[in-house]
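One structure is given below, encoded as structure tokens.
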Amino acid sequence: MNTLKPRDLALFAFVVVLFVGTGFVQSWNVSLTILNMGLISAIMALGVNMQWGYAGLFNVGIMGFVALGGLGAVLVSAPPVGEAWSAGGLRLLGGLLLGAATVVAAIMAHSRLPRFKGLGVVAILLVGFFAFRAVFDAGVEAVEAVNPAVSGYLGGLGLPIVLSWPVGGLLAAGAAWLIGKTALGLRSDYLAIATLGIAEIIIAILKNEDWLARGVKNVIGLDRPVPYEIDLQNSASFVDRMQGWGFDPVTASSITVKLGYSALFLIVLAILIWLAQAALASPWGRMMRAIRDNEVAAEAMGKDVTRRHLQIFVLGSAVVGLAGAMMTTLDGQLTPGTYQPLRYTFLVWVMVIVGGSGNNWGAVLGGFLVWWLWVQVEPIGALLMQGITAGMADGTWLKTHLLDAAAHMRLLTMGIILLLVLRFSPKGLIPER
Amino acid sequence: MELLNAFVTLANFVLVPAIAYGSQLALGALGVTLIYGILRFSNFAHGDTMAFGTMSVILVTWAMQAVGIGFGPLPTALLALPFGIALTALLVLGTDRLVYRFYRRAKAVPVTFVIASLGVMFVMNGLVRFIIGPDDQRFADGERFIITARDFKTMTGLDEGLAIKTTQAITVVVAIIVVAVLFWFLNRTRTGKSMRAFSDNEDLALLSGINPERVVVITWIIVAGLATVAGTLYGLDKSFKPFTYFQLLLPIFAAAIVGGLGSPLGAIAGGFLIAFAEVTITYPLKKVLGYALPESLEPHGLVQLLSTDYKFAVSFVILLIVLLFRPTGLFAGKSV
């Protein structure tokens, strides 16, 4: 069981100091903004830690699951577009069913056909593809033609957005199951690249299928689980109370909203870490680690390695999807164009490695710490560069170049931190015990 | 005439661009495959190594242009290539010293190398953006076209034109030379043979007195060369932007894996397969079919199988299909 030792508590205290310091030096608004994203990052890191830390699965498709979570937020909370549904909704569904039927038929043909297997499968896929396009394309056109400036998509269910968090997790879990069924048989490096590619495919679909979530036109103005700042400012009781405490009501309203998000996220994180710790301490957790440490031996003991791998792959991805839905909730919009592997896959990996793979608390610590750094390296870098270039004459080529380049210190710093931790403390800041 | 027009259209929009792109991917995939074969890990930093190499070439090119050195109708970048390769070789040898050698000595598991290469990827990516910035840089000079669409039409009297950019021709020629030299080196020289031996069976190679550190150093130098050439050709053909190079990692890996990791021949085959698939599947075939088919069968739609934005997705769908049926690629690559 991973209980926290005094040294670990000191590390967490250090992170607290970082955030409180940010509050005093910059502003509480900035500090809380970083904290909220830090909470989400910690959850993503928990998910990755389940796959990598418990089971040794090298999944570099995190971005795809984050995006699926975001899609979940849209599908649950966006208001349905009735006009679009009547224009081509059924046609779209029909097309999708046809596509799914084609794939199923091809798989069945592959296992059943006595001869000309390849030919049969290819023929089914070809015929199915064109039938699918014939039905589907017309539906897409009809749906996307409905008021494209504001909708042009089917919309969602119009339910409260908090419901979308588990749904986002379920969507990611479903995708992970499909991927796991096909890709988990691959060896480590092949699995890594396959997941990397699948994430790219998911993003490509989100960017291009406008009928689903408006593609790069973005879904904006999603439902909020917390009140709007402007409503707080218009509420007499809120303004009176804040002024009574000596705060500026405008600042106080935005801080209250952020605190609301923090509280919600904190609840989710607390539940997850409790579950994760309990799972890791259970016989199931021991079995997972045994499989990770020696697959062959575990298999000889009668453990179904493939099944366990699939299980943990689905669970970890669900956690990442949940975090993705929360992130879209926090942003209030889904912007598929901004999903990049550097930020949503590799940075999460840095969090897990730096924090401590195999240790849930480590992953959480890494999430907060690395996210804080990711945001703060830029201003720190700019300050540093101003210091370095202070002696140079204004307007010289080198000075302008260095000042501009400070903005790119981020990636450099992340890389160096990852390499240093991997070299000198390969188990991370809070190692597995 | 109609069929000829169909072919010319196809050549103009599919064959020529895909051959050039395929050569660039193949060179990139060769680098990935060599690292996998000899150092035994998937190098995620390869795209950014290409970016670094290209950046070095660009900086040297600019210096050459500033002092008035040119290469006539050819791009000056070709003259700058050796300098870029040397700089990149220094960089990758440096990272090997600082990062990978430690894990090699510690006999770390392969996935540790992969994670370390993620760190190297971040550092190189940051370094390139730090030095040259994240924006588009154009550095191609010399002649733009070998033959333009209009010249081709007047020459042949066809309705459709065929344009061949200088950079496309250079890409193919340089790629052929580089691949020929590489295969000559691997198959004919003593060092190349020892590298192959090392790749096939490490223990046996060590037993027969091959110095592993020397093999590693030579591999890195070759990889630096391949990456710089591939990156520069891609940059000349399209344009240089650090982020694009990071994205190139995806099709390059797809190419290397489809061919089978560790197999140089496979890397080349994979590169062309991926390039042709990407270009063909996302190209609207309406015009070609319009020429090739009798009028009654002429298609109404664009006959574009997938929208162009699915370019990267296509390479991965192919990758997944190949892996489903042949888990280690077409040419039976290895897996550690």
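By order of appearance in the structure tokens: chains A, B, ..., then residues from 1 within every chain, and ligands from 1 in the order shown.
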**Request:** Could the residues of chain A within 10 Å of chain B, counting only C-alpha atoms, be given as number ranges by chain, please?
**Result:** A: 56, 58, 129-130, 133, 182-183, 185-205, 207-208, 340-342, 346-347, 349-350, 353, 401-402, 404-420, 422-423, 426
**Request:** Give me the residues within 9 Å of Leu330 (chain A) as number ranges by chain, counting only C-alpha atoms and dropping any in the same chain fewer than 3 places off.
**Result:** A: 36-37, 224, 261, 325-327, 333
Take the residues from that selection and put them in a file with N, CA, C and O atoms, as a compact mmCIF listing (two decimals), in the first residue's frame.
```
# COMPACT_ATOMS: atom_id res chain seq x y z
N ASN A 36 -7.09 24.74 -11.20
CA ASN A 36 -8.18 23.97 -11.80
C ASN A 36 -7.67 23.05 -12.90
O ASN A 36 -8.04 21.89 -12.99
N MET A 37 -6.79 23.59 -13.75
CA MET A 37 -6.22 22.76 -14.80
C MET A 37 -5.30 21.71 -14.18
O MET A 37 -5.19 20.59 -14.69
N ARG A 224 -22.91 25.27 -17.88
CA ARG A 224 -21.93 25.40 -16.79
C ARG A 224 -22.47 24.81 -15.51
O ARG A 224 -23.63 25.02 -15.19
N TYR A 261 -15.52 25.52 -9.42
CA TYR A 261 -14.94 24.46 -10.24
C TYR A 261 -13.94 23.63 -9.43
O TYR A 261 -13.95 22.39 -9.49
N ALA A 325 -13.69 15.32 -20.35
CA ALA A 325 -15.01 15.95 -20.25
C ALA A 325 -14.97 17.11 -19.26
O ALA A 325 -15.55 18.17 -19.49
N MET A 326 -14.23 16.92 -18.16
CA MET A 326 -14.12 17.99 -17.18
C MET A 326 -13.41 19.19 -17.76
O MET A 326 -13.77 20.34 -17.51
N MET A 327 -12.39 18.92 -18.58
CA MET A 327 -11.64 20.03 -19.17
C MET A 327 -12.52 20.84 -20.12
O MET A 327 -12.49 22.07 -20.12
N GLN A 333 -16.13 25.15 -23.90
CA GLN A 333 -16.19 24.94 -25.36
C GLN A 333 -15.33 23.75 -25.77
O GLN A 333 -14.39 23.38 -25.07
```
What's around Val20 (chain A) at 10 Å? Count only C-alpha atoms, leave out sequence neighbours fewer than 6 positions away in its own chain, and write the answer as a tab-separated table (two decimals) with all heavy atoms, in the first residue's frame.
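Contents of selection22.tsv, freshly written:
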```tsv
chain	number	residue	atom	x	y	z
A	14	PHE	N	5.29	21.64	-0.71
A	14	PHE	CA	6.02	22.51	-1.64
A	14	PHE	C	5.10	22.98	-2.77
A	14	PHE	O	5.09	24.15	-3.16
A	14	PHE	CB	7.23	21.76	-2.19
A	14	PHE	CG	7.96	22.49	-3.28
A	14	PHE	CD1	8.66	23.66	-3.00
A	14	PHE	CD2	7.94	22.02	-4.58
A	14	PHE	CE1	9.33	24.34	-4.00
A	14	PHE	CE2	8.61	22.69	-5.59
A	14	PHE	CZ	9.31	23.86	-5.29
A	26	GLN	N	1.40	36.90	-8.22
A	26	GLN	CA	0.65	37.29	-9.41
A	26	GLN	C	-0.77	37.69	-9.00
A	26	GLN	O	-1.00	38.84	-8.71
A	26	GLN	CB	0.68	36.18	-10.44
A	26	GLN	CG	2.06	36.10	-11.10
A	26	GLN	CD	2.24	34.87	-11.95
A	26	GLN	OE1	2.13	33.74	-11.47
A	26	GLN	NE2	2.51	35.07	-13.23
A	27	SER	N	-1.67	36.72	-8.95
A	27	SER	CA	-3.00	37.04	-8.42
A	27	SER	C	-3.69	35.74	-8.11
A	27	SER	O	-3.31	34.68	-8.61
A	27	SER	CB	-3.82	37.84	-9.43
A	27	SER	OG	-4.36	36.97	-10.39
A	28	TRP	N	-4.71	35.82	-7.27
A	28	TRP	CA	-5.42	34.60	-6.90
A	28	TRP	C	-6.17	34.03	-8.09
A	28	TRP	O	-6.37	32.83	-8.20
A	28	TRP	CB	-6.35	34.87	-5.73
A	28	TRP	CG	-5.55	35.12	-4.50
A	28	TRP	CD1	-5.26	36.33	-3.94
A	28	TRP	CD2	-4.85	34.14	-3.73
A	28	TRP	NE1	-4.42	36.16	-2.87
A	28	TRP	CE2	-4.16	34.82	-2.71
A	28	TRP	CE3	-4.72	32.74	-3.81
A	28	TRP	CZ2	-3.37	34.18	-1.77
A	28	TRP	CZ3	-3.93	32.09	-2.86
A	28	TRP	CH2	-3.27	32.81	-1.86
A	31	SER	N	-3.65	31.97	-9.92
A	31	SER	CA	-3.34	30.78	-9.14
A	31	SER	C	-4.46	29.74	-9.26
A	31	SER	O	-4.21	28.55	-9.47
A	31	SER	CB	-3.12	31.17	-7.69
A	31	SER	OG	-2.81	30.04	-6.93
A	32	LEU	N	-5.71	30.22	-9.17
A	32	LEU	CA	-6.84	29.28	-9.24
A	32	LEU	C	-7.01	28.71	-10.64
A	32	LEU	O	-7.39	27.55	-10.81
A	32	LEU	CB	-8.13	29.97	-8.78
A	32	LEU	CG	-8.28	30.13	-7.28
A	32	LEU	CD1	-9.52	30.94	-6.95
A	32	LEU	CD2	-8.36	28.75	-6.61
```
**Computed interatomic separation between CA of Gly84 (chain B) and CA of Ala63 (chain B) (Å)** = 12.3 Å
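Closest approach to Pro160 (chain A) among A:Asp223, A:Lys217, A:Asn294, A:Met351 is made by A:Asp223 (distances from only C-alpha atoms).
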**Prompt:** Can you list, as a count of residues only, every protein, DNA or RNA residue that comes within 8 Å of region 228-242 of chain B when you count only C-alpha atoms, leaving out same-chain residues fewer than 2 positions away?
**Reply:** 38
**Request:** List the neighbours of Val16 (chain A) out to 12 Å using only C-alpha atoms; skip same-chain residues closer than 6 positions along the sequence, and give me the result as a ChimeraX atom specification.
**Result:** /A:9-10,22-23,31-32,35,38,365,368-369,372
**Request:** Among the residues of region 45-290 of chain B, find those DSSP assigns to strand (DSSP E or B) from the backbone and print them as a ChimeraX atom specification.
**Result:** /B:71,74,137,145-147,164-165,240
**Message:** With distances taken over only C-alpha atoms, which residue among B:Arg188, B:Phe145, B:Val223, B:Ala108 lies nearest Val92 (chain B)?
**Reply:** B:Val223
